[in-house]
Amino acid sequence: MPLARIETGHCNVDLKPAPIEPSWIIEGNPEARNCALSVSADRAACTLIWSCTEGKFNWYYDCDETIVILEGSIVLESDGMPPQRYGVGDVIFFRDGAHAKWHVEGYVKKVAFFRKTNPVGLSLAVRAVNKLRSLIPRRHDPAIQRGIGATAR
């Protein structure tokens with residue numbers, strides 16, 4: 001069955017336990033929960049809601065992750081980055097291979113978008129193909145439908 005072209009979700013969903021790797025926990029008993037909202041057809045990207053109770057822990061990123069904090073606050077610290085507090089509305093991007101120390105102050109809830117990174121050679125090939133595709137007019141292009149850029153006959 002083909003995937004829907006548009007999917008919708010909501011931040012107020014039932015979250016399931018998603019325990020933090022025990023060896024990553026530095027202090028406290030943080031309890032994490034999550035729920036997937038969407039997954040791309042090639043499974044290289046997904047969006048989820050994640051929450052966590054108070055505690056300190058390490059986190060190691062094995063893909064690119066962009067987050068938006070919906071509730072609560074955290075203090076993040078990493079090599080070359082002093083501790084900094086982030087709260088509601090803040091957007092943070094973690095590159096594949098990053099490491100951060102999280103300090104959840106009471107509670108945090110975020111929406112997270114994950115994307116697996118491609119090897120450099122494959123990324124260049126994908127960009128080249130996309131560039132070529134952008135040069136080919138598409139039938140559904142509104143400019144073409146209005147006759148903009150069309151040659152008079």
# chains A, B, ... in the order shown; residues from 1 in each chain; ligands from 1
>>> select_by_dssp(residues="chain A", states="strand (DSSP E)", output="PDB file with N, CA, C and O atoms, in the first residue's frame")
ATOM      1  N   LYS A  16       5.300   6.083  24.989  1.00  0.00           N
ATOM      2  CA  LYS A  16       5.679   4.763  25.499  1.00  0.00           C
ATOM      3  C   LYS A  16       7.083   4.840  26.111  1.00  0.00           C
ATOM      4  O   LYS A  16       7.920   5.633  25.661  1.00  0.00           O
ATOM      5  N   PRO A  17       7.380   4.009  27.110  1.00  0.00           N
ATOM      6  CA  PRO A  17       8.723   4.018  27.705  1.00  0.00           C
ATOM      7  C   PRO A  17       9.816   3.815  26.649  1.00  0.00           C
ATOM      8  O   PRO A  17       9.687   2.988  25.754  1.00  0.00           O
ATOM      9  N   ILE A  25      23.673   7.268  32.034  1.00  0.00           N
ATOM     10  CA  ILE A  25      23.100   8.067  33.116  1.00  0.00           C
ATOM     11  C   ILE A  25      24.196   8.481  34.099  1.00  0.00           C
ATOM     12  O   ILE A  25      24.960   7.648  34.596  1.00  0.00           O
ATOM     13  N   ILE A  26      24.264   9.799  34.374  1.00  0.00           N
ATOM     14  CA  ILE A  26      25.265  10.372  35.262  1.00  0.00           C
ATOM     15  C   ILE A  26      24.686  10.571  36.659  1.00  0.00           C
ATOM     16  O   ILE A  26      25.359  10.317  37.660  1.00  0.00           O
ATOM     17  N   GLU A  27      23.427  11.036  36.714  1.00  0.00           N
ATOM     18  CA  GLU A  27      22.826  11.361  38.006  1.00  0.00           C
ATOM     19  C   GLU A  27      21.302  11.255  37.908  1.00  0.00           C
ATOM     20  O   GLU A  27      20.697  11.606  36.894  1.00  0.00           O
ATOM     21  N   GLY A  28      20.681  10.783  38.979  1.00  0.00           N
ATOM     22  CA  GLY A  28      19.222  10.718  39.045  1.00  0.00           C
ATOM     23  C   GLY A  28      18.685   9.453  38.392  1.00  0.00           C
ATOM     24  O   GLY A  28      19.424   8.506  38.109  1.00  0.00           O
ATOM     25  N   ALA A  32      12.632   8.344  30.246  1.00  0.00           N
ATOM     26  CA  ALA A  32      12.311   8.871  28.918  1.00  0.00           C
ATOM     27  C   ALA A  32      11.157   8.087  28.307  1.00  0.00           C
ATOM     28  O   ALA A  32      10.986   6.889  28.569  1.00  0.00           O
ATOM     29  N   ARG A  33      10.367   8.796  27.501  1.00  0.00           N
ATOM     30  CA  ARG A  33       9.225   8.196  26.797  1.00  0.00           C
ATOM     31  C   ARG A  33       9.177   8.827  25.413  1.00  0.00           C
ATOM     32  O   ARG A  33       9.629   9.960  25.226  1.00  0.00           O
ATOM     33  N   ASN A  34       8.621   8.097  24.440  1.00  0.00           N
ATOM     34  CA  ASN A  34       8.489   8.685  23.108  1.00  0.00           C
ATOM     35  C   ASN A  34       7.333   8.074  22.324  1.00  0.00           C
ATOM     36  O   ASN A  34       6.738   7.074  22.743  1.00  0.00           O
ATOM     37  N   CYS A  35       7.053   8.681  21.185  1.00  0.00           N
ATOM     38  CA  CYS A  35       6.054   8.183  20.243  1.00  0.00           C
ATOM     39  C   CYS A  35       6.423   8.695  18.857  1.00  0.00           C
ATOM     40  O   CYS A  35       6.627   9.905  18.670  1.00  0.00           O
ATOM     41  N   ALA A  36       6.546   7.798  17.889  1.00  0.00           N
ATOM     42  CA  ALA A  36       6.845   8.195  16.518  1.00  0.00           C
ATOM     43  C   ALA A  36       5.618   8.851  15.892  1.00  0.00           C
ATOM     44  O   ALA A  36       4.501   8.364  16.039  1.00  0.00           O
ATOM     45  N   LEU A  37       5.847   9.971  15.208  1.00  0.00           N
ATOM     46  CA  LEU A  37       4.775  10.665  14.502  1.00  0.00           C
ATOM     47  C   LEU A  37       4.795  10.361  13.010  1.00  0.00           C
ATOM     48  O   LEU A  37       3.747  10.302  12.378  1.00  0.00           O
ATOM     49  N   SER A  38       6.005  10.207  12.449  1.00  0.00           N
ATOM     50  CA  SER A  38       6.106   9.935  11.016  1.00  0.00           C
ATOM     51  C   SER A  38       7.434   9.262  10.703  1.00  0.00           C
ATOM     52  O   SER A  38       8.404   9.415  11.444  1.00  0.00           O
ATOM     53  N   VAL A  39       7.447   8.515   9.595  1.00  0.00           N
ATOM     54  CA  VAL A  39       8.664   7.865   9.098  1.00  0.00           C
ATOM     55  C   VAL A  39       8.662   8.013   7.584  1.00  0.00           C
ATOM     56  O   VAL A  39       7.641   7.776   6.937  1.00  0.00           O
ATOM     57  N   ALA A  45      14.464   9.077   7.563  1.00  0.00           N
ATOM     58  CA  ALA A  45      14.072  10.221   8.382  1.00  0.00           C
ATOM     59  C   ALA A  45      12.817   9.875   9.172  1.00  0.00           C
ATOM     60  O   ALA A  45      11.979   9.101   8.714  1.00  0.00           O
ATOM     61  N   CYS A  46      12.722  10.448  10.369  1.00  0.00           N
ATOM     62  CA  CYS A  46      11.507  10.254  11.159  1.00  0.00           C
ATOM     63  C   CYS A  46      11.325  11.432  12.112  1.00  0.00           C
ATOM     64  O   CYS A  46      12.262  12.194  12.366  1.00  0.00           O
ATOM     65  N   THR A  47      10.106  11.573  12.595  1.00  0.00           N
ATOM     66  CA  THR A  47       9.765  12.614  13.551  1.00  0.00           C
ATOM     67  C   THR A  47       9.129  11.939  14.756  1.00  0.00           C
ATOM     68  O   THR A  47       8.332  11.020  14.595  1.00  0.00           O
ATOM     69  N   LEU A  48       9.506  12.381  15.953  1.00  0.00           N
ATOM     70  CA  LEU A  48       8.873  11.816  17.148  1.00  0.00           C
ATOM     71  C   LEU A  48       8.736  12.860  18.233  1.00  0.00           C
ATOM     72  O   LEU A  48       9.351  13.921  18.193  1.00  0.00           O
ATOM     73  N   ILE A  49       7.893  12.535  19.192  1.00  0.00           N
ATOM     74  CA  ILE A  49       7.758  13.316  20.416  1.00  0.00           C
ATOM     75  C   ILE A  49       8.513  12.537  21.486  1.00  0.00           C
ATOM     76  O   ILE A  49       8.405  11.306  21.562  1.00  0.00           O
ATOM     77  N   TRP A  50       9.287  13.222  22.302  1.00  0.00           N
ATOM     78  CA  TRP A  50      10.106  12.590  23.344  1.00  0.00           C
ATOM     79  C   TRP A  50       9.988  13.420  24.610  1.00  0.00           C
ATOM     80  O   TRP A  50       9.976  14.656  24.551  1.00  0.00           O
ATOM     81  N   SER A  51       9.905  12.750  25.737  1.00  0.00           N
ATOM     82  CA  SER A  51       9.895  13.460  27.015  1.00  0.00           C
ATOM     83  C   SER A  51      10.823  12.744  27.990  1.00  0.00           C
ATOM     84  O   SER A  51      11.153  11.570  27.806  1.00  0.00           O
ATOM     85  N   CYS A  52      11.225  13.486  29.022  1.00  0.00           N
ATOM     86  CA  CYS A  52      12.120  12.903  30.017  1.00  0.00           C
ATOM     87  C   CYS A  52      11.949  13.640  31.336  1.00  0.00           C
ATOM     88  O   CYS A  52      11.758  14.861  31.359  1.00  0.00           O
ATOM     89  N   THR A  53      12.034  12.869  32.425  1.00  0.00           N
ATOM     90  CA  THR A  53      11.984  13.451  33.764  1.00  0.00           C
ATOM     91  C   THR A  53      13.397  13.870  34.173  1.00  0.00           C
ATOM     92  O   THR A  53      14.379  13.583  33.476  1.00  0.00           O
ATOM     93  N   GLU A  54      13.489  14.495  35.343  1.00  0.00           N
ATOM     94  CA  GLU A  54      14.741  15.070  35.831  1.00  0.00           C
ATOM     95  C   GLU A  54      15.887  14.061  35.890  1.00  0.00           C
ATOM     96  O   GLU A  54      15.706  12.910  36.265  1.00  0.00           O
ATOM     97  N   GLY A  55      17.069  14.545  35.522  1.00  0.00           N
ATOM     98  CA  GLY A  55      18.272  13.735  35.600  1.00  0.00           C
ATOM     99  C   GLY A  55      19.374  14.293  34.722  1.00  0.00           C
ATOM    100  O   GLY A  55      19.165  15.239  33.965  1.00  0.00           O
ATOM    101  N   LYS A  56      20.551  13.707  34.852  1.00  0.00           N
ATOM    102  CA  LYS A  56      21.701  14.067  34.020  1.00  0.00           C
ATOM    103  C   LYS A  56      22.178  12.810  33.313  1.00  0.00           C
ATOM    104  O   LYS A  56      22.283  11.747  33.931  1.00  0.00           O
ATOM    105  N   PHE A  57      22.486  12.956  32.015  1.00  0.00           N
ATOM    106  CA  PHE A  57      22.937  11.802  31.239  1.00  0.00           C
ATOM    107  C   PHE A  57      23.701  12.259  30.009  1.00  0.00           C
ATOM    108  O   PHE A  57      23.561  13.394  29.545  1.00  0.00           O
ATOM    109  N   ASN A  58      24.512  11.362  29.491  1.00  0.00           N
ATOM    110  CA  ASN A  58      25.203  11.569  28.214  1.00  0.00           C
ATOM    111  C   ASN A  58      24.266  11.145  27.093  1.00  0.00           C
ATOM    112  O   ASN A  58      23.420  10.263  27.282  1.00  0.00           O
ATOM    113  N   TRP A  59      24.451  11.747  25.933  1.00  0.00           N
ATOM    114  CA  TRP A  59      23.726  11.296  24.742  1.00  0.00           C
ATOM    115  C   TRP A  59      24.691  11.322  23.575  1.00  0.00           C
ATOM    116  O   TRP A  59      25.430  12.299  23.379  1.00  0.00           O
ATOM    117  N   TYR A  60      24.709  10.233  22.821  1.00  0.00           N
ATOM    118  CA  TYR A  60      25.593  10.074  21.662  1.00  0.00           C
ATOM    119  C   TYR A  60      24.714   9.975  20.419  1.00  0.00           C
ATOM    120  O   TYR A  60      23.825   9.131  20.354  1.00  0.00           O
ATOM    121  N   ASP A  64      21.774  12.796  12.259  1.00  0.00           N
ATOM    122  CA  ASP A  64      21.459  14.199  12.497  1.00  0.00           C
ATOM    123  C   ASP A  64      20.133  14.279  13.242  1.00  0.00           C
ATOM    124  O   ASP A  64      19.203  13.517  12.947  1.00  0.00           O
ATOM    125  N   GLU A  65      20.039  15.188  14.205  1.00  0.00           N
ATOM    126  CA  GLU A  65      18.792  15.373  14.952  1.00  0.00           C
ATOM    127  C   GLU A  65      18.548  16.861  15.176  1.00  0.00           C
ATOM    128  O   GLU A  65      19.436  17.576  15.637  1.00  0.00           O
ATOM    129  N   THR A  66      17.357  17.296  14.845  1.00  0.00           N
ATOM    130  CA  THR A  66      16.914  18.657  15.127  1.00  0.00           C
ATOM    131  C   THR A  66      15.783  18.562  16.136  1.00  0.00           C
ATOM    132  O   THR A  66      14.866  17.757  15.948  1.00  0.00           O
ATOM    133  N   ILE A  67      15.854  19.362  17.196  1.00  0.00           N
ATOM    134  CA  ILE A  67      14.797  19.332  18.210  1.00  0.00           C
ATOM    135  C   ILE A  67      14.208  20.722  18.408  1.00  0.00           C
ATOM    136  O   ILE A  67      14.882  21.734  18.185  1.00  0.00           O
ATOM    137  N   VAL A  68      12.950  20.736  18.846  1.00  0.00           N
ATOM    138  CA  VAL A  68      12.284  21.948  19.306  1.00  0.00           C
ATOM    139  C   VAL A  68      11.723  21.607  20.684  1.00  0.00           C
ATOM    140  O   VAL A  68      10.976  20.636  20.830  1.00  0.00           O
ATOM    141  N   ILE A  69      12.092  22.391  21.679  1.00  0.00           N
ATOM    142  CA  ILE A  69      11.602  22.139  23.031  1.00  0.00           C
ATOM    143  C   ILE A  69      10.174  22.675  23.154  1.00  0.00           C
ATOM    144  O   ILE A  69       9.914  23.849  22.870  1.00  0.00           O
ATOM    145  N   LEU A  70       9.276  21.789  23.558  1.00  0.00           N
ATOM    146  CA  LEU A  70       7.858  22.131  23.701  1.00  0.00           C
ATOM    147  C   LEU A  70       7.496  22.506  25.132  1.00  0.00           C
ATOM    148  O   LEU A  70       6.625  23.358  25.356  1.00  0.00           O
ATOM    149  N   GLU A  71       8.108  21.833  26.102  1.00  0.00           N
ATOM    150  CA  GLU A  71       7.828  22.068  27.525  1.00  0.00           C
ATOM    151  C   GLU A  71       9.112  21.876  28.307  1.00  0.00           C
ATOM    152  O   GLU A  71       9.960  21.068  27.939  1.00  0.00           O
ATOM    153  N   GLY A  72       9.237  22.590  29.412  1.00  0.00           N
ATOM    154  CA  GLY A  72      10.368  22.393  30.311  1.00  0.00           C
ATOM    155  C   GLY A  72      11.648  23.034  29.817  1.00  0.00           C
ATOM    156  O   GLY A  72      11.638  23.902  28.946  1.00  0.00           O
ATOM    157  N   SER A  73      12.765  22.572  30.411  1.00  0.00           N
ATOM    158  CA  SER A  73      14.063  23.125  30.032  1.00  0.00           C
ATOM    159  C   SER A  73      15.159  22.098  30.278  1.00  0.00           C
ATOM    160  O   SER A  73      14.970  21.125  31.005  1.00  0.00           O
ATOM    161  N   ILE A  74      16.297  22.354  29.642  1.00  0.00           N
ATOM    162  CA  ILE A  74      17.478  21.506  29.782  1.00  0.00           C
ATOM    163  C   ILE A  74      18.704  22.397  29.857  1.00  0.00           C
ATOM    164  O   ILE A  74      18.671  23.552  29.432  1.00  0.00           O
ATOM    165  N   VAL A  75      19.775  21.848  30.398  1.00  0.00           N
ATOM    166  CA  VAL A  75      21.085  22.475  30.289  1.00  0.00           C
ATOM    167  C   VAL A  75      21.928  21.496  29.490  1.00  0.00           C
ATOM    168  O   VAL A  75      22.023  20.317  29.839  1.00  0.00           O
ATOM    169  N   LEU A  76      22.503  21.980  28.389  1.00  0.00           N
ATOM    170  CA  LEU A  76      23.366  21.152  27.538  1.00  0.00           C
ATOM    171  C   LEU A  76      24.798  21.597  27.690  1.00  0.00           C
ATOM    172  O   LEU A  76      25.075  22.786  27.805  1.00  0.00           O
ATOM    173  N   GLU A  77      25.697  20.617  27.637  1.00  0.00           N
ATOM    174  CA  GLU A  77      27.115  20.946  27.580  1.00  0.00           C
ATOM    175  C   GLU A  77      27.800  19.899  26.717  1.00  0.00           C
ATOM    176  O   GLU A  77      27.349  18.767  26.595  1.00  0.00           O
ATOM    177  N   SER A  78      28.863  20.338  26.036  1.00  0.00           N
ATOM    178  CA  SER A  78      29.594  19.457  25.140  1.00  0.00           C
ATOM    179  C   SER A  78      31.019  19.978  25.031  1.00  0.00           C
ATOM    180  O   SER A  78      31.305  21.103  25.447  1.00  0.00           O
ATOM    181  N   MET A  81      31.829  23.611  24.232  1.00  0.00           N
ATOM    182  CA  MET A  81      30.580  24.351  24.422  1.00  0.00           C
ATOM    183  C   MET A  81      30.263  24.377  25.913  1.00  0.00           C
ATOM    184  O   MET A  81      29.990  23.328  26.497  1.00  0.00           O
ATOM    185  N   PRO A  82      30.324  25.546  26.544  1.00  0.00           N
ATOM    186  CA  PRO A  82      30.018  25.597  27.985  1.00  0.00           C
ATOM    187  C   PRO A  82      28.546  25.285  28.233  1.00  0.00           C
ATOM    188  O   PRO A  82      27.719  25.355  27.307  1.00  0.00           O
ATOM    189  N   PRO A  83      28.190  24.927  29.473  1.00  0.00           N
ATOM    190  CA  PRO A  83      26.790  24.634  29.774  1.00  0.00           C
ATOM    191  C   PRO A  83      25.889  25.817  29.409  1.00  0.00           C
ATOM    192  O   PRO A  83      26.230  26.970  29.668  1.00  0.00           O
ATOM    193  N   GLN A  84      24.753  25.505  28.773  1.00  0.00           N
ATOM    194  CA  GLN A  84      23.793  26.544  28.404  1.00  0.00           C
ATOM    195  C   GLN A  84      22.380  26.003  28.570  1.00  0.00           C
ATOM    196  O   GLN A  84      22.096  24.866  28.210  1.00  0.00           O
ATOM    197  N   ARG A  85      21.502  26.853  29.086  1.00  0.00           N
ATOM    198  CA  ARG A  85      20.103  26.480  29.312  1.00  0.00           C
ATOM    199  C   ARG A  85      19.283  26.760  28.055  1.00  0.00           C
ATOM    200  O   ARG A  85      19.447  27.780  27.399  1.00  0.00           O
ATOM    201  N   TYR A  86      18.402  25.816  27.750  1.00  0.00           N
ATOM    202  CA  TYR A  86      17.476  25.945  26.625  1.00  0.00           C
ATOM    203  C   TYR A  86      16.070  25.643  27.130  1.00  0.00           C
ATOM    204  O   TYR A  86      15.884  24.780  27.989  1.00  0.00           O
ATOM    205  N   GLY A  87      15.092  26.352  26.593  1.00  0.00           N
ATOM    206  CA  GLY A  87      13.719  26.163  27.030  1.00  0.00           C
ATOM    207  C   GLY A  87      12.732  26.209  25.882  1.00  0.00           C
ATOM    208  O   GLY A  87      13.113  26.110  24.704  1.00  0.00           O
ATOM    209  N   VAL A  91      15.408  25.809  19.379  1.00  0.00           N
ATOM    210  CA  VAL A  91      15.690  24.799  18.356  1.00  0.00           C
ATOM    211  C   VAL A  91      17.174  24.464  18.431  1.00  0.00           C
ATOM    212  O   VAL A  91      18.011  25.373  18.473  1.00  0.00           O
ATOM    213  N   ILE A  92      17.492  23.183  18.465  1.00  0.00           N
ATOM    214  CA  ILE A  92      18.882  22.742  18.574  1.00  0.00           C
ATOM    215  C   ILE A  92      19.133  21.673  17.518  1.00  0.00           C
ATOM    216  O   ILE A  92      18.308  20.774  17.328  1.00  0.00           O
ATOM    217  N   PHE A  93      20.273  21.765  16.842  1.00  0.00           N
ATOM    218  CA  PHE A  93      20.668  20.778  15.824  1.00  0.00           C
ATOM    219  C   PHE A  93      21.906  20.041  16.309  1.00  0.00           C
ATOM    220  O   PHE A  93      22.895  20.662  16.688  1.00  0.00           O
ATOM    221  N   PHE A  94      21.833  18.715  16.308  1.00  0.00           N
ATOM    222  CA  PHE A  94      22.956  17.855  16.678  1.00  0.00           C
ATOM    223  C   PHE A  94      23.389  17.095  15.426  1.00  0.00           C
ATOM    224  O   PHE A  94      22.583  16.391  14.826  1.00  0.00           O
ATOM    225  N   HIS A  99      28.215  14.464  20.724  1.00  0.00           N
ATOM    226  CA  HIS A  99      28.009  13.959  22.085  1.00  0.00           C
ATOM    227  C   HIS A  99      27.639  15.165  22.932  1.00  0.00           C
ATOM    228  O   HIS A  99      28.243  16.233  22.814  1.00  0.00           O
ATOM    229  N   ALA A 100      26.625  15.007  23.770  1.00  0.00           N
ATOM    230  CA  ALA A 100      26.224  16.090  24.670  1.00  0.00           C
ATOM    231  C   ALA A 100      25.867  15.523  26.032  1.00  0.00           C
ATOM    232  O   ALA A 100      25.399  14.388  26.142  1.00  0.00           O
ATOM    233  N   LYS A 101      26.114  16.322  27.057  1.00  0.00           N
ATOM    234  CA  LYS A 101      25.634  15.998  28.405  1.00  0.00           C
ATOM    235  C   LYS A 101      24.335  16.761  28.595  1.00  0.00           C
ATOM    236  O   LYS A 101      24.290  17.982  28.442  1.00  0.00           O
ATOM    237  N   TRP A 102      23.275  16.024  28.899  1.00  0.00           N
ATOM    238  CA  TRP A 102      21.960  16.607  29.139  1.00  0.00           C
ATOM    239  C   TRP A 102      21.713  16.698  30.639  1.00  0.00           C
ATOM    240  O   TRP A 102      21.970  15.746  31.371  1.00  0.00           O
ATOM    241  N   HIS A 103      21.191  17.835  31.082  1.00  0.00           N
ATOM    242  CA  HIS A 103      20.688  17.979  32.438  1.00  0.00           C
ATOM    243  C   HIS A 103      19.239  18.428  32.293  1.00  0.00           C
ATOM    244  O   HIS A 103      18.975  19.574  31.924  1.00  0.00           O
ATOM    245  N   VAL A 104      18.315  17.507  32.535  1.00  0.00           N
ATOM    246  CA  VAL A 104      16.891  17.827  32.469  1.00  0.00           C
ATOM    247  C   VAL A 104      16.501  18.395  33.823  1.00  0.00           C
ATOM    248  O   VAL A 104      16.692  17.742  34.851  1.00  0.00           O
ATOM    249  N   GLU A 105      15.985  19.600  33.797  1.00  0.00           N
ATOM    250  CA  GLU A 105      15.599  20.293  35.026  1.00  0.00           C
ATOM    251  C   GLU A 105      14.114  20.067  35.300  1.00  0.00           C
ATOM    252  O   GLU A 105      13.285  20.862  34.891  1.00  0.00           O
ATOM    253  N   GLY A 106      13.803  18.986  35.935  1.00  0.00           N
ATOM    254  CA  GLY A 106      12.405  18.683  36.254  1.00  0.00           C
ATOM    255  C   GLY A 106      11.749  17.828  35.189  1.00  0.00           C
ATOM    256  O   GLY A 106      11.402  16.681  35.432  1.00  0.00           O
ATOM    257  N   TYR A 107      11.589  18.397  33.993  1.00  0.00           N
ATOM    258  CA  TYR A 107      10.880  17.692  32.919  1.00  0.00           C
ATOM    259  C   TYR A 107      11.162  18.418  31.613  1.00  0.00           C
ATOM    260  O   TYR A 107      11.294  19.646  31.593  1.00  0.00           O
ATOM    261  N   VAL A 108      11.231  17.663  30.536  1.00  0.00           N
ATOM    262  CA  VAL A 108      11.348  18.267  29.209  1.00  0.00           C
ATOM    263  C   VAL A 108      10.541  17.441  28.212  1.00  0.00           C
ATOM    264  O   VAL A 108      10.431  16.216  28.359  1.00  0.00           O
ATOM    265  N   LYS A 109       9.960  18.130  27.240  1.00  0.00           N
ATOM    266  CA  LYS A 109       9.254  17.471  26.140  1.00  0.00           C
ATOM    267  C   LYS A 109       9.687  18.167  24.862  1.00  0.00           C
ATOM    268  O   LYS A 109       9.760  19.399  24.811  1.00  0.00           O
ATOM    269  N   LYS A 110      10.011  17.363  23.860  1.00  0.00           N
ATOM    270  CA  LYS A 110      10.511  17.929  22.604  1.00  0.00           C
ATOM    271  C   LYS A 110       9.894  17.207  21.425  1.00  0.00           C
ATOM    272  O   LYS A 110       9.426  16.073  21.532  1.00  0.00           O
ATOM    273  N   VAL A 111       9.906  17.875  20.286  1.00  0.00           N
ATOM    274  CA  VAL A 111       9.650  17.213  19.013  1.00  0.00           C
ATOM    275  C   VAL A 111      11.026  17.082  18.377  1.00  0.00           C
ATOM    276  O   VAL A 111      11.852  18.000  18.445  1.00  0.00           O
ATOM    277  N   ALA A 112      11.300  15.909  17.830  1.00  0.00           N
ATOM    278  CA  ALA A 112      12.621  15.644  17.255  1.00  0.00           C
ATOM    279  C   ALA A 112      12.476  15.130  15.834  1.00  0.00           C
ATOM    280  O   ALA A 112      11.620  14.292  15.555  1.00  0.00           O
ATOM    281  N   PHE A 113      13.309  15.654  14.956  1.00  0.00           N
ATOM    282  CA  PHE A 113      13.365  15.181  13.578  1.00  0.00           C
ATOM    283  C   PHE A 113      14.742  14.562  13.379  1.00  0.00           C
ATOM    284  O   PHE A 113      15.759  15.206  13.612  1.00  0.00           O
ATOM    285  N   PHE A 114      14.758  13.292  12.976  1.00  0.00           N
ATOM    286  CA  PHE A 114      16.000  12.543  12.761  1.00  0.00           C
ATOM    287  C   PHE A 114      16.210  12.301  11.270  1.00  0.00           C
ATOM    288  O   PHE A 114      15.263  12.005  10.545  1.00  0.00           O
ATOM    289  N   ARG A 115      17.463  12.394  10.838  1.00  0.00           N
ATOM    290  CA  ARG A 115      17.805  12.061   9.456  1.00  0.00           C
ATOM    291  C   ARG A 115      19.138  11.341   9.444  1.00  0.00           C
ATOM    292  O   ARG A 115      20.130  11.841   9.971  1.00  0.00           O
TER     293      ARG A 115
END
>>> select_by_dssp(residues="stretch 30-143 of chain A", states="alpha helix (DSSP H)", output="PyMOL selection string")
chain A and resi 120-135+142-143
>>> atom_distance(atom1="atom CA of A:Ile20", atom2="atom CA of A:Tyr61")
12.9 Å
